[in-house]
Structures are given as C-alpha cells and as structure tokens.
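Q: Input structure: data_28.cif, which contains mmCIF, C-alpha atoms.
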data_protein
loop_
_atom_site.label_atom_id
_atom_site.label_comp_id
_atom_site.auth_asym_id
_atom_site.auth_seq_id
_atom_site.Cartn_x
_atom_site.Cartn_y
_atom_site.Cartn_z
CA MET D 14 55.55 138.20 98.51
CA SER D 15 55.69 139.24 102.15
CA TYR D 16 58.95 138.78 104.04
CA PHE D 17 56.98 137.77 107.12
CA ARG D 18 54.61 135.00 108.04
CA THR D 19 51.44 136.35 109.59
CA ALA D 20 51.31 134.07 112.59
CA SER D 21 52.77 130.95 114.13
CA ARG D 22 51.79 128.77 117.07
CA LEU D 23 54.01 128.40 120.13
CA THR D 24 53.43 125.65 122.69
CA ALA D 25 53.56 126.13 126.44
CA PRO D 26 57.05 124.61 126.90
CA LEU D 27 58.43 126.96 124.27
CA LEU D 28 56.65 129.93 125.82
CA ALA D 29 58.03 128.89 129.21
CA SER D 30 61.50 128.92 127.73
CA LEU D 31 60.81 132.50 126.71
CA GLY D 32 59.98 133.42 130.29
CA LEU D 33 56.19 133.09 130.01
CA ALA D 34 54.38 131.06 132.66
CA PHE D 35 50.78 130.00 133.24
CA ALA D 36 49.05 129.19 136.58
CA LEU D 37 45.84 127.21 136.99
CA THR D 38 43.76 127.85 140.09
CA THR D 39 40.48 126.60 141.51
CA LEU D 40 37.85 128.70 143.13
CA PRO D 41 37.71 128.49 146.96
CA GLY D 42 34.99 126.28 148.35
CA CYS D 43 34.53 124.28 145.17
CA SER D 44 34.76 120.54 145.43
CA THR D 45 36.36 118.36 142.79
CA THR D 46 36.28 114.70 141.85
CA PRO D 47 39.28 112.52 141.03
CA GLU D 48 38.20 112.61 137.39
CA LYS D 49 38.07 116.43 137.40
CA ALA D 50 41.40 116.60 139.19
CA ALA D 51 42.96 114.33 136.54
CA ALA D 52 41.47 116.47 133.77
CA THR D 53 42.78 119.62 135.41
CA GLU D 54 46.23 118.08 135.74
CA ALA D 55 46.20 116.99 132.08
CA ALA D 56 45.18 120.47 131.02
CA ALA D 57 48.06 121.91 133.01
CA VAL D 58 50.49 119.58 131.27
CA ALA D 59 49.16 120.17 127.75
CA PRO D 60 47.39 123.53 127.45
CA LYS D 61 45.88 124.66 124.20
CA PRO D 62 48.38 126.26 121.79
CA VAL D 63 48.56 130.03 122.00
CA VAL D 64 48.53 132.04 118.76
CA VAL D 65 51.43 134.51 118.59
CA ASP D 66 51.87 137.14 115.89
CA SER D 67 55.38 136.26 114.74
CA ALA D 68 55.28 138.96 112.06
CA ALA D 69 54.84 141.61 114.73
CA LEU D 70 57.66 140.09 116.79
CA LYS D 71 59.97 140.16 113.79
CA ARG D 72 59.11 143.77 113.02
CA GLN D 73 59.87 144.69 116.63
CA ALA D 74 63.22 142.89 116.44
CA MET D 75 64.14 144.72 113.23
CA ARG D 76 63.19 148.02 114.82
CA ARG D 77 65.43 147.22 117.79
CA ASP D 78 68.24 146.43 115.31
CA SER D 79 67.68 149.77 113.61
CA LEU D 80 67.68 151.70 116.87
CA LYS D 81 70.83 149.88 117.96
CA ALA D 82 72.48 150.77 114.65
CA ASP D 83 71.50 154.40 115.09
CA SER D 84 72.91 154.52 118.62
CA ILE D 85 76.22 153.01 117.49
CA VAL D 86 76.54 155.52 114.68
CA LYS D 87 75.84 158.44 117.01
CA ALA D 88 78.55 157.19 119.35
CA ASN D 89 81.38 156.52 116.92
CA GLY D 90 80.26 157.53 113.44
CA GLN D 91 79.83 154.15 111.75
CA LEU D 92 78.87 150.53 112.27
CA PRO D 93 81.44 147.78 112.83
CA GLY D 94 82.84 146.41 109.58
CA ALA D 95 82.06 149.53 107.52
CA ILE D 96 84.41 149.91 104.56
CA LEU D 97 84.07 153.68 104.14
CA PRO D 98 85.67 156.07 104.97
CA GLY D 99 88.50 153.96 106.41
CA LYS D 100 89.42 152.50 103.00
CA ARG D 101 89.38 153.65 99.39
CA ILE D 102 87.64 151.20 97.07
CA VAL D 103 89.36 150.73 93.70
CA ALA D 104 87.29 148.68 91.26
CA PHE D 105 87.57 147.10 87.82
CA TYR D 106 84.20 147.26 86.03
CA GLY D 107 82.54 145.10 83.39
CA ASN D 108 81.42 141.51 82.99
CA ILE D 109 83.67 138.47 82.91
CA ARG D 110 81.71 137.12 79.90
CA ALA D 111 81.72 140.31 77.80
CA LYS D 112 84.76 142.02 76.25
CA GLY D 113 82.78 145.13 75.31
CA MET D 114 81.48 146.05 78.75
CA GLY D 115 84.71 146.98 80.47
CA ILE D 116 88.17 145.96 81.61
CA LEU D 117 86.83 143.16 83.83
CA GLY D 118 86.12 140.99 80.78
CA ARG D 119 88.11 142.70 78.02
CA GLU D 120 91.44 141.01 78.72
CA PRO D 121 92.25 137.41 79.69
CA LYS D 122 91.72 136.81 83.39
CA GLU D 123 95.36 136.63 84.55
CA GLN D 124 96.40 139.56 82.38
CA MET D 125 93.53 141.63 83.76
CA LEU D 126 94.38 140.72 87.35
CA ARG D 127 98.04 141.67 86.87
CA LYS D 128 96.95 145.03 85.50
CA PHE D 129 94.54 145.45 88.42
CA ARG D 130 97.24 144.75 90.99
CA GLY D 131 99.39 147.42 89.36
CA VAL D 132 96.54 149.95 89.58
CA GLN D 133 96.04 149.17 93.26
CA LYS D 134 99.73 149.88 93.91
CA GLU D 135 99.44 153.22 92.07
CA TRP D 136 96.56 154.30 94.29
CA GLN D 137 98.24 153.14 97.47
CA ALA D 138 101.36 155.09 96.54
CA ALA D 139 99.33 158.19 95.67
CA ASP D 140 97.63 158.21 99.09
CA PRO D 141 99.40 156.02 101.66
CA SER D 142 97.10 157.31 104.43
CA ILE D 143 94.13 155.17 103.33
CA PRO D 144 94.33 151.43 102.56
CA VAL D 145 93.07 150.33 99.15
CA GLN D 146 90.15 147.90 99.06
CA PRO D 147 90.10 146.18 95.63
CA ALA D 148 86.73 145.37 94.08
CA LEU D 149 85.25 143.68 91.03
CA HIS D 150 82.22 145.64 89.83
CA SER D 151 80.16 143.27 87.71
CA VAL D 152 77.21 144.33 85.54
CA THR D 153 74.84 141.57 86.61
CA ILE D 154 71.42 142.68 85.33
CA THR D 155 72.14 144.31 81.98
CA ALA D 156 70.03 146.60 79.78
CA GLN D 157 69.34 145.11 76.35
CA ALA D 158 68.50 146.41 72.87
CA ALA D 159 65.93 143.61 72.45
CA PRO D 160 62.78 143.53 74.62
CA GLY D 161 62.94 139.90 75.71
CA LYS D 162 59.89 137.74 76.42
CA ASP D 163 58.36 140.20 78.91
CA GLY D 164 59.27 143.38 77.04
CA LYS D 165 61.49 144.75 79.84
CA TYR D 166 64.75 145.12 77.89
CA ARG D 167 67.06 143.60 80.48
CA LEU D 168 68.83 140.29 81.06
CA MET D 169 70.29 138.77 84.21
CA ASN D 170 73.59 136.86 84.29
CA SER D 171 73.44 133.15 84.93
CA LYS D 172 74.02 131.80 88.42
CA ALA D 173 77.26 130.25 87.16
CA THR D 174 78.56 133.63 85.96
CA ILE D 175 77.69 135.38 89.23
CA ASP D 176 79.23 132.58 91.30
CA GLU D 177 82.41 132.61 89.21
CA THR D 178 82.78 136.38 89.54
CA ILE D 179 82.44 136.16 93.31
CA GLN D 180 85.00 133.36 93.39
CA TRP D 181 87.45 135.49 91.38
CA ALA D 182 86.98 138.17 94.03
CA LYS D 183 87.51 135.82 96.95
CA ASP D 184 90.64 134.38 95.36
CA ASN D 185 92.11 137.88 95.02
CA ASN D 186 91.02 139.55 98.29
CA CYS D 187 88.41 141.68 96.53
CA ILE D 188 84.86 142.65 97.34
CA VAL D 189 82.16 142.44 94.65
CA PHE D 190 79.55 144.86 93.36
CA LEU D 191 76.54 143.45 91.52
CA ASP D 192 75.36 146.23 89.22
CA VAL D 193 71.76 146.60 88.06
CA GLN D 194 70.46 148.12 84.81
CA VAL D 195 66.67 147.67 84.94
CA GLY D 196 65.65 148.69 81.40
CA LEU D 197 61.86 149.04 81.37
CA SER D 198 61.57 147.09 84.63
CA ASP D 199 62.18 148.66 88.06
CA LEU D 200 64.16 148.04 91.21
CA GLU D 201 61.17 146.51 93.02
CA HIS D 202 61.06 143.68 90.47
CA GLU D 203 64.81 143.20 90.01
CA LEU D 204 66.72 143.58 93.28
CA HIS D 205 65.15 140.59 95.01
CA LYS D 206 66.76 138.35 92.36
CA LEU D 207 70.17 139.22 93.81
CA GLU D 208 69.32 138.66 97.47
CA PRO D 209 70.88 135.17 97.74
CA TRP D 210 74.31 136.60 96.81
CA LEU D 211 73.91 139.80 98.84
CA LYS D 212 73.78 137.69 102.01
CA ASP D 213 77.53 137.21 101.49
CA PRO D 214 79.39 139.92 103.43
CA ILE D 215 81.75 140.67 100.51
CA VAL D 216 78.93 141.35 98.03
CA HIS D 217 77.66 144.93 97.53
CA MET D 218 75.46 146.62 94.94
CA GLY D 219 75.32 149.31 92.25
CA ILE D 220 72.32 150.84 90.50
CA ASP D 221 72.54 152.65 87.16
CA PRO D 222 69.97 155.36 86.38
CA GLU D 223 71.28 155.68 82.82
CA PHE D 224 69.41 152.53 81.87
CA ALA D 225 66.29 152.99 84.04
CA MET D 226 63.80 153.71 81.26
CA LYS D 227 60.38 153.17 82.85
CA THR D 228 59.56 156.88 83.07
CA LYS D 229 61.05 157.53 79.62
CA GLY D 230 58.97 154.93 77.83
CA VAL D 231 61.70 154.00 75.34
CA ARG D 232 64.23 151.21 75.08
CA PRO D 233 67.69 151.62 76.66
CA GLY D 234 70.10 153.64 74.57
CA LYS D 235 67.49 155.98 73.10
CA LYS D 236 67.61 158.40 76.04
CA ILE D 237 69.42 158.72 79.35
CA GLY D 238 67.28 157.22 82.11
CA THR D 239 66.58 158.47 85.61
CA TYR D 240 66.00 157.52 89.23
CA ASP D 241 64.26 159.62 91.82
CA ALA D 242 65.22 159.74 95.49
CA LYS D 243 62.40 157.28 96.19
CA ASP D 244 64.12 154.70 93.97
CA VAL D 245 67.45 155.18 95.73
CA ASN D 246 65.63 154.92 99.07
CA TYR D 247 64.08 151.64 97.95
CA ALA D 248 67.55 150.23 97.25
CA ILE D 249 68.84 151.52 100.61
CA ASN D 250 65.95 149.95 102.53
CA PHE D 251 66.34 146.69 100.60
CA LEU D 252 70.02 146.42 101.52
CA ALA D 253 69.42 147.57 105.13
CA ARG D 254 66.94 144.74 105.63
CA ILE D 255 69.44 142.16 104.34
CA VAL D 256 72.12 143.55 106.65
CA ALA D 257 69.79 143.43 109.68
CA GLU D 258 68.37 139.97 109.02
CA ASN D 259 71.76 138.38 108.35
CA LYS D 260 73.82 140.34 110.93
CA LEU D 261 76.17 141.66 108.24
CA PRO D 262 78.50 144.67 108.16
CA PRO D 263 77.15 147.64 106.20
CA LYS D 264 76.66 147.31 102.45
CA VAL D 265 78.01 149.83 99.96
CA LEU D 266 75.58 151.12 97.33
CA THR D 267 76.96 152.94 94.29
CA VAL D 268 74.64 155.20 92.28
CA HIS D 269 76.00 156.12 88.83
CA ARG D 270 75.52 159.70 87.65
CA PHE D 271 76.81 162.07 84.97
CA THR D 272 73.84 164.38 84.23
CA GLN D 273 71.49 166.54 86.26
CA GLY D 274 68.43 164.48 85.37
CA MET D 275 69.83 161.06 86.23
CA VAL D 276 69.04 161.53 89.93
CA THR D 277 66.15 163.78 91.00
CA ASN D 278 65.29 165.14 94.46
CA TYR D 279 68.64 164.08 95.91
CA LYS D 280 67.85 165.95 99.14
CA ASN D 281 65.11 163.39 99.84
CA ILE D 282 67.54 160.46 99.91
CA LYS D 283 67.37 159.02 103.43
CA LEU D 284 70.56 157.50 104.74
CA ASP D 285 70.68 154.38 106.89
CA PRO D 286 73.75 153.33 108.94
CA ARG D 287 73.52 149.85 107.45
CA VAL D 288 74.13 151.16 103.91
CA GLN D 289 76.94 153.42 102.70
CA VAL D 290 75.89 155.43 99.64
CA VAL D 291 78.39 156.45 96.96
CA MET D 292 77.31 159.00 94.35
CA HIS D 293 79.55 158.00 91.48
CA MET D 294 80.62 160.35 88.65
CA ASP D 295 80.27 158.00 85.69
CA GLY D 296 81.02 160.27 82.72
CA TRP D 297 83.80 159.91 80.16
CA GLY D 298 85.74 162.54 78.27
CA ASN D 299 88.64 164.91 78.70
CA PRO D 300 89.83 165.81 82.22
CA VAL D 301 88.23 169.28 82.16
CA LEU D 302 84.79 167.86 81.32
CA LYS D 303 85.11 165.15 83.94
CA LYS D 304 86.13 167.61 86.65
CA ASP D 305 83.20 169.89 85.75
CA SER D 306 80.75 166.97 85.91
CA TYR D 307 82.10 165.92 89.29
CA ARG D 308 81.67 169.46 90.62
CA ASP D 309 78.16 169.98 89.18
CA TYR D 310 76.53 166.62 89.94
CA ILE D 311 78.52 165.17 92.83
CA GLN D 312 80.24 167.91 94.82
CA THR D 313 77.38 170.41 94.75
CA GLN D 314 74.71 167.74 95.40
CA PRO D 315 76.28 165.68 98.18
CA VAL D 316 74.65 162.60 99.63
CA GLN D 317 77.29 160.68 101.61
CA TYR D 318 80.44 159.45 99.83
CA THR D 319 81.72 160.16 96.32
CA GLY D 320 83.11 158.13 93.43
CA PHE D 321 84.92 158.80 90.17
CA LYS D 322 85.17 156.70 87.01
CA LEU D 323 88.06 156.36 84.57
CA PHE D 324 87.64 154.90 81.08
CA TYR D 325 90.53 153.07 79.46
CA GLU D 326 88.97 153.29 76.00
CA TYR D 327 87.31 156.71 75.93
CA ASP D 328 89.02 159.17 78.29
CA ALA D 329 92.24 159.33 76.29
CA ARG D 330 90.57 160.14 72.96
CA PRO D 331 91.27 162.27 71.04
CA ALA D 332 94.89 163.14 71.77
CA PRO D 333 96.24 164.97 73.71
CA HIS D 334 93.55 163.97 76.21
CA HIS D 335 94.60 161.39 78.79
CA ILE D 336 93.32 159.13 81.52
CA MET D 337 93.54 161.09 84.75
CA THR D 338 96.21 159.91 87.18
CA PRO D 339 95.48 159.04 90.81
CA LYS D 340 97.09 162.31 91.93
CA GLU D 341 94.86 164.29 89.55
CA VAL D 342 91.75 162.56 90.88
CA LEU D 343 92.86 163.12 94.48
CA ALA D 344 93.03 166.85 93.77
CA LEU D 345 89.22 166.87 93.53
CA THR D 346 87.11 168.11 96.43
CA PRO D 347 86.02 165.99 98.18
CA LYS D 348 88.58 163.28 97.43
CA PRO D 349 86.64 160.31 95.99
CA LEU D 350 86.64 157.18 98.12
CA TYR D 351 85.39 154.95 95.30
CA ILE D 352 87.43 154.72 92.09
CA GLN D 353 86.23 152.69 89.13
CA TYR D 354 88.04 151.72 85.91
CA GLN D 355 86.10 150.65 82.84
#
Show me, as structure tokens, the structure contained in the file I just sent.

A:
Amino acid sequence: MSYFRTASRLTAPLLASLGLAFALTTLPGCSTTPEKAAATEAAAVAPKPVVVDSAALKRQAMRRDSLKADSIVKANGQLPGAILPGKRIVAFYGNIRAKGMGILGREPKEQMLRKFRGVQKEWQAADPSIPVQPALHSVTITAQAAPGKDGKYRLMNSKATIDETIQWAKDNNCIVFLDVQVGLSDLEHELHKLEPWLKDPIVHMGIDPEFAMKTKGVRPGKKIGTYDAKDVNYAINFLARIVAENKLPPKVLTVHRFTQGMVTNYKNIKLDPRVQVVMHMDGWGNPVLKKDSYRDYIQTQPVQYTGFKLFYEYDARPAPHHIMTPKEVLALTPKPLYIQYQ
C-alpha cells in the first residue's frame, strides 16, 4: 500500500489561502452582453477545480524535513530530543506474558520493577557523568517453532499485551523497545504492524537477525539467521519516515549481533539523523568470550552506537563465571551506551 494518495482537488478559495491567485481578463475591443458579464462573474466566483499532485507535495515536504534534519545535525551533532549519547539506556528484556523469554516476564511485576530500580542505581553509581534512561525491551513479534497458518514461523503479541507493556513503561518513567523476530517473513511485511505504537515518542524498536531465516530456508532455531545492510537500511528508513511525519524526536534502533554472519556489509548501512542505531552485542557466556565478541563484531565493525547484553541465567554458568559488573562493562572500548539484561 502506498503511503501517499496520488492526487487531490483543491478549490480556488483554498488555493488563495495558499497564496495562489487567478485573474480573469477580457480582450480589448470585445463587446459583452449582460448575460456574458454575469457568466464571467459566476466563473470568477466558482472556477473549475484544479488538480494538484498531493503526493508530490508530500514528498517535497518530507525532503525539506530531511534537509532540515541534516542541517541541524551538522550544526550541533544531533536532533532535539535525541536520547544518545547524552544518556545511557539500561533495559530489562523479555515479554510480560512469558517467563522463559527474559527478566521482564520471569518475575512478578513489582518484584521485577524493584530489581530493575536497583540495577539502574548500580549503573548511575558506576558512571555518574551520564544519566540512566530506563527501558523495557519487549519481544513483540516472536519467532516460533511452529509455522503458523501462513508458514512464516512468527507470532505477534496481542494489542492488549503491547498496550500493557507501554503502560508499565509510562508508569515507571521508562521508554519501550518493540523487538522483531521475523522468522521466515521479512521486515517489509512485519514492521508496518507496529507503526501505530511507534507514533508514540517513548516507543523505539529492535530487530534480531538471529531469527531472520528467509535466506536460510529453515525454521528458527535450526541455524543462526542474518540481515544484510539493506535490511537494516529498510528499518532505518521506516523509522525515519515515522519521525518526520509525526514530528517526533529521533528513534533508537537496536540491532542484535553475536556472530560475523548475523550482519553483512555493515559498511553499507546508511545513517539518518532521525534514527540512532545501536549495534548490540547479544551473546552469552563467560566474561572473556563476551569481551572478545564485543571486540570482533561491535568494536571493529562500528556503525554508530554500541550495546552490551547481560544474561541472568546463562552468563554465570558454570562457576566461577559471573555476570559482568557495570564497572567491568564500562572498561570496554567504546563504552556501551545501551545495556540490556535478559
């Protein structure tokens, strides 16, 4: 479906309000009758509608928005309302309806929120120079083991679940990430489903190549999936359009990664000032392995901002392994500005 209508009709009064005027003249030496004069006067009052290409006008307006955004960024480095790099996002990940997907739904709501507030304090104490921005990172379109009616191996949360998650966030001064695992579908067919919620300024997005299986040809869980730069660019352009059309502050886009093949052609990712891209180290294991993964797939292949994930259930096993502390994570180069706990 096109985002634009091909044409609309504007009447003369409306065109006049836009600064367009029409003049009717008669040729010199021509005589006229009262009837002709009346007809001419009527025509002047109610001219025929003029066809205007509203799609072209909208495209021009969006281009002006883009150029304005570019000029602002060149002047001061970021657009008004941008979260990064002025804050560090600290997120709890999962799904409020699923205990097995992460800390967000594993514990009762109030118990989880108390734990989350304690984590925020730890991060603020570890780096007092940057305010902590708490976030709930909700897996909203989830890869499935069963194909479903259309054979795409993914399932979207109900509207009620998404609305409740966003309300939890608003009640606790958090932002929200809606995370997408496409299965055998693709971003072009999935992201538009989330657009109504993304019009809210506190709602951001994550995309997970691990479960993008279209090029692999197998169900999720059989292999690790992949996105190319063109897929990441599609997500960036999708969010940039929403920002421009709704006059929103920039969106944050997290891209999960823990192997070389999960993101290909990273140099072809094209940044847009309306979208802040976080390449997020999503692997679990002992601290040495996690640090190596961060160096190999995030530090050495930079895009814009960086993230780091900590697993309550997996990072500390087997002993004496442990969940890395905020100070240990802050010793990484560059220091991650997005921290996620699962």

Q: Between D:Leu70, D:Leu126, D:Val195, D:Val231, which residue has the minimum interatomic distance to Phe105 (chain D), considering all atoms listed in the file?

A: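 Of D:Leu70, D:Leu126, D:Val195, D:Val231, the one nearest Phe105 (chain D), counting all atoms listed in the file, is D:Leu126.
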
Q: Evaluating the PyMOL selection byres ((chain D and resi 109) around 10) on the displayed file yields which residues, as a ChimeraX atom specification?

A: /D:106-108,110-112,114-122,149,151-152,174-175,177-178,181

Q: Mind checking which residues fall within 10 Å of Pro347 (chain D), counting all atoms listed in the file, ignoring those fewer than 3 positions away in the same chain, and posting them as a list in words?

A: Tyr307, Arg308, Ile311, Gln312, Pro315, Tyr318, Thr319, Gly320, Val342, Leu343, Ala344 and Leu350 of chain D

Q: Find the residues around Ala242 (chain D) up to 9 Å (all atoms listed in the file counted), leave out those fewer than 2 positions away in its own chain, and share them as a count of residues only.

A: 13

Q: Calculate how many Å separate CA of Asp221 (chain D) from CA of Asp192 (chain D), rounding to one decimal.

A: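 Rounded to one decimal, the two atoms are 7.3 Å apart.
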
Q: Leaving out Val132 (chain D) and any residue of its chain fewer than 6 positions from it, which residues lie within 10 Å of it when counting all atoms listed in the file, given as a PyMOL selection string?

A: chain D and resi 103-105+126+138+147+339+354

Q: Output the selection as a compact mmCIF listing (two decimals), in the coordinates of the input - C-alpha atoms for each residue.

A:
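File written: result.txt
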# COMPACT_ATOMS: atom_id res chain seq x y z
CA VAL D 103 89.36 150.73 93.70
CA ALA D 104 87.29 148.68 91.26
CA PHE D 105 87.57 147.10 87.82
CA LEU D 126 94.38 140.72 87.35
CA ALA D 138 101.36 155.09 96.54
CA PRO D 147 90.10 146.18 95.63
CA PRO D 339 95.48 159.04 90.81
CA TYR D 354 88.04 151.72 85.91

Q: Just checking: using all atoms listed in the file, which residue out of D:Pro160, D:Gly298, D:Pro214, D:Gly238 ends up closest to Pro262 (chain D)?

A: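 Smallest separation from Pro262 (chain D) among the options: D:Pro214.
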
Q: Because some atoms of region 302-313 of chain D are absent here, can you restore all heavy atoms and send them as a tab-separated table (two decimals), keeping the file's coordinate frame?

A:
chain	number	residue	atom	x	y	z
D	302	LEU	N	86.21	168.24	81.29
D	302	LEU	CA	84.79	167.86	81.32
D	302	LEU	C	84.48	166.98	82.52
D	302	LEU	O	83.46	167.17	83.20
D	302	LEU	CB	84.43	167.13	80.02
D	302	LEU	CG	83.00	166.61	79.91
D	302	LEU	CD1	81.99	167.75	80.00
D	302	LEU	CD2	82.83	165.83	78.61
D	303	LYS	N	85.35	166.05	82.82
D	303	LYS	CA	85.11	165.15	83.94
D	303	LYS	C	85.12	165.89	85.27
D	303	LYS	O	84.29	165.64	86.15
D	303	LYS	CB	86.16	164.02	83.94
D	303	LYS	CG	86.03	163.07	82.76
D	303	LYS	CD	87.17	162.06	82.70
D	303	LYS	CE	87.03	160.98	83.75
D	303	LYS	NZ	86.01	159.98	83.40
D	304	LYS	N	86.06	166.81	85.42
D	304	LYS	CA	86.13	167.61	86.65
D	304	LYS	C	84.88	168.47	86.80
D	304	LYS	O	84.33	168.61	87.91
D	304	LYS	CB	87.37	168.48	86.65
D	304	LYS	CG	88.68	167.72	86.78
D	304	LYS	CD	89.87	168.67	86.65
D	304	LYS	CE	91.18	167.93	86.65
D	304	LYS	NZ	92.34	168.86	86.46
D	305	ASP	N	84.41	169.06	85.70
D	305	ASP	CA	83.20	169.89	85.75
D	305	ASP	C	81.98	169.05	86.14
D	305	ASP	O	81.14	169.50	86.93
D	305	ASP	CB	82.96	170.57	84.39
D	305	ASP	CG	83.96	171.69	84.11
D	305	ASP	OD1	84.65	172.09	85.06
D	305	ASP	OD2	84.02	172.15	82.95
D	306	SER	N	81.88	167.85	85.58
D	306	SER	CA	80.75	166.97	85.91
D	306	SER	C	80.78	166.58	87.38
D	306	SER	O	79.74	166.53	88.05
D	306	SER	CB	80.78	165.72	85.02
D	306	SER	OG	80.63	166.06	83.66
D	307	TYR	N	81.97	166.28	87.88
D	307	TYR	CA	82.10	165.92	89.29
D	307	TYR	C	81.64	167.08	90.18
D	307	TYR	O	80.91	166.88	91.16
D	307	TYR	CB	83.55	165.56	89.59
D	307	TYR	CG	83.81	165.08	91.00
D	307	TYR	CD1	83.55	163.76	91.36
D	307	TYR	CD2	84.31	165.94	91.98
D	307	TYR	CE1	83.79	163.31	92.65
D	307	TYR	CE2	84.56	165.50	93.26
D	307	TYR	CZ	84.30	164.18	93.60
D	307	TYR	OH	84.53	163.74	94.88
D	308	ARG	N	82.06	168.28	89.82
D	308	ARG	CA	81.67	169.46	90.62
D	308	ARG	C	80.15	169.69	90.56
D	308	ARG	O	79.51	169.89	91.59
D	308	ARG	CB	82.39	170.70	90.09
D	308	ARG	CG	82.07	171.99	90.86
D	308	ARG	CD	82.48	173.21	90.08
D	308	ARG	NE	81.73	173.31	88.83
D	308	ARG	CZ	82.28	173.58	87.65
D	308	ARG	NH1	83.58	173.75	87.54
D	308	ARG	NH2	81.53	173.65	86.57
D	309	ASP	N	79.57	169.61	89.35
D	309	ASP	CA	78.16	169.98	89.18
D	309	ASP	C	77.20	168.94	89.73
D	309	ASP	O	76.14	169.31	90.28
D	309	ASP	CB	77.88	170.19	87.68
D	309	ASP	CG	78.60	171.40	87.12
D	309	ASP	OD1	79.05	172.25	87.92
D	309	ASP	OD2	78.72	171.50	85.88
D	310	TYR	N	77.51	167.66	89.59
D	310	TYR	CA	76.53	166.62	89.94
D	310	TYR	C	76.88	165.81	91.18
D	310	TYR	O	76.03	165.08	91.70
D	310	TYR	CB	76.35	165.66	88.75
D	310	TYR	CG	76.13	166.39	87.45
D	310	TYR	CD1	76.91	166.12	86.34
D	310	TYR	CD2	75.13	167.37	87.34
D	310	TYR	CE1	76.72	166.80	85.14
D	310	TYR	CE2	74.93	168.05	86.14
D	310	TYR	CZ	75.73	167.77	85.05
D	310	TYR	OH	75.54	168.44	83.88
D	311	ILE	N	78.10	165.93	91.65
D	311	ILE	CA	78.52	165.17	92.83
D	311	ILE	C	78.86	166.11	93.99
D	311	ILE	O	78.27	166.03	95.07
D	311	ILE	CB	79.72	164.26	92.50
D	311	ILE	CG1	79.42	163.38	91.28
D	311	ILE	CG2	80.07	163.42	93.72
D	311	ILE	CD1	78.27	162.41	91.46
D	312	GLN	N	79.79	167.01	93.75
D	312	GLN	CA	80.24	167.91	94.82
D	312	GLN	C	79.13	168.84	95.29
D	312	GLN	O	78.94	169.03	96.50
D	312	GLN	CB	81.44	168.74	94.34
D	312	GLN	CG	81.96	169.73	95.38
D	312	GLN	CD	83.10	170.59	94.83
D	312	GLN	OE1	83.67	170.28	93.79
D	312	GLN	NE2	83.42	171.65	95.52
D	313	THR	N	78.40	169.43	94.37
D	313	THR	CA	77.38	170.41	94.75
D	313	THR	C	76.06	169.77	95.17
D	313	THR	O	75.17	170.46	95.65
D	313	THR	CB	77.11	171.41	93.60
D	313	THR	OG1	76.61	170.69	92.46
D	313	THR	CG2	78.37	172.14	93.22
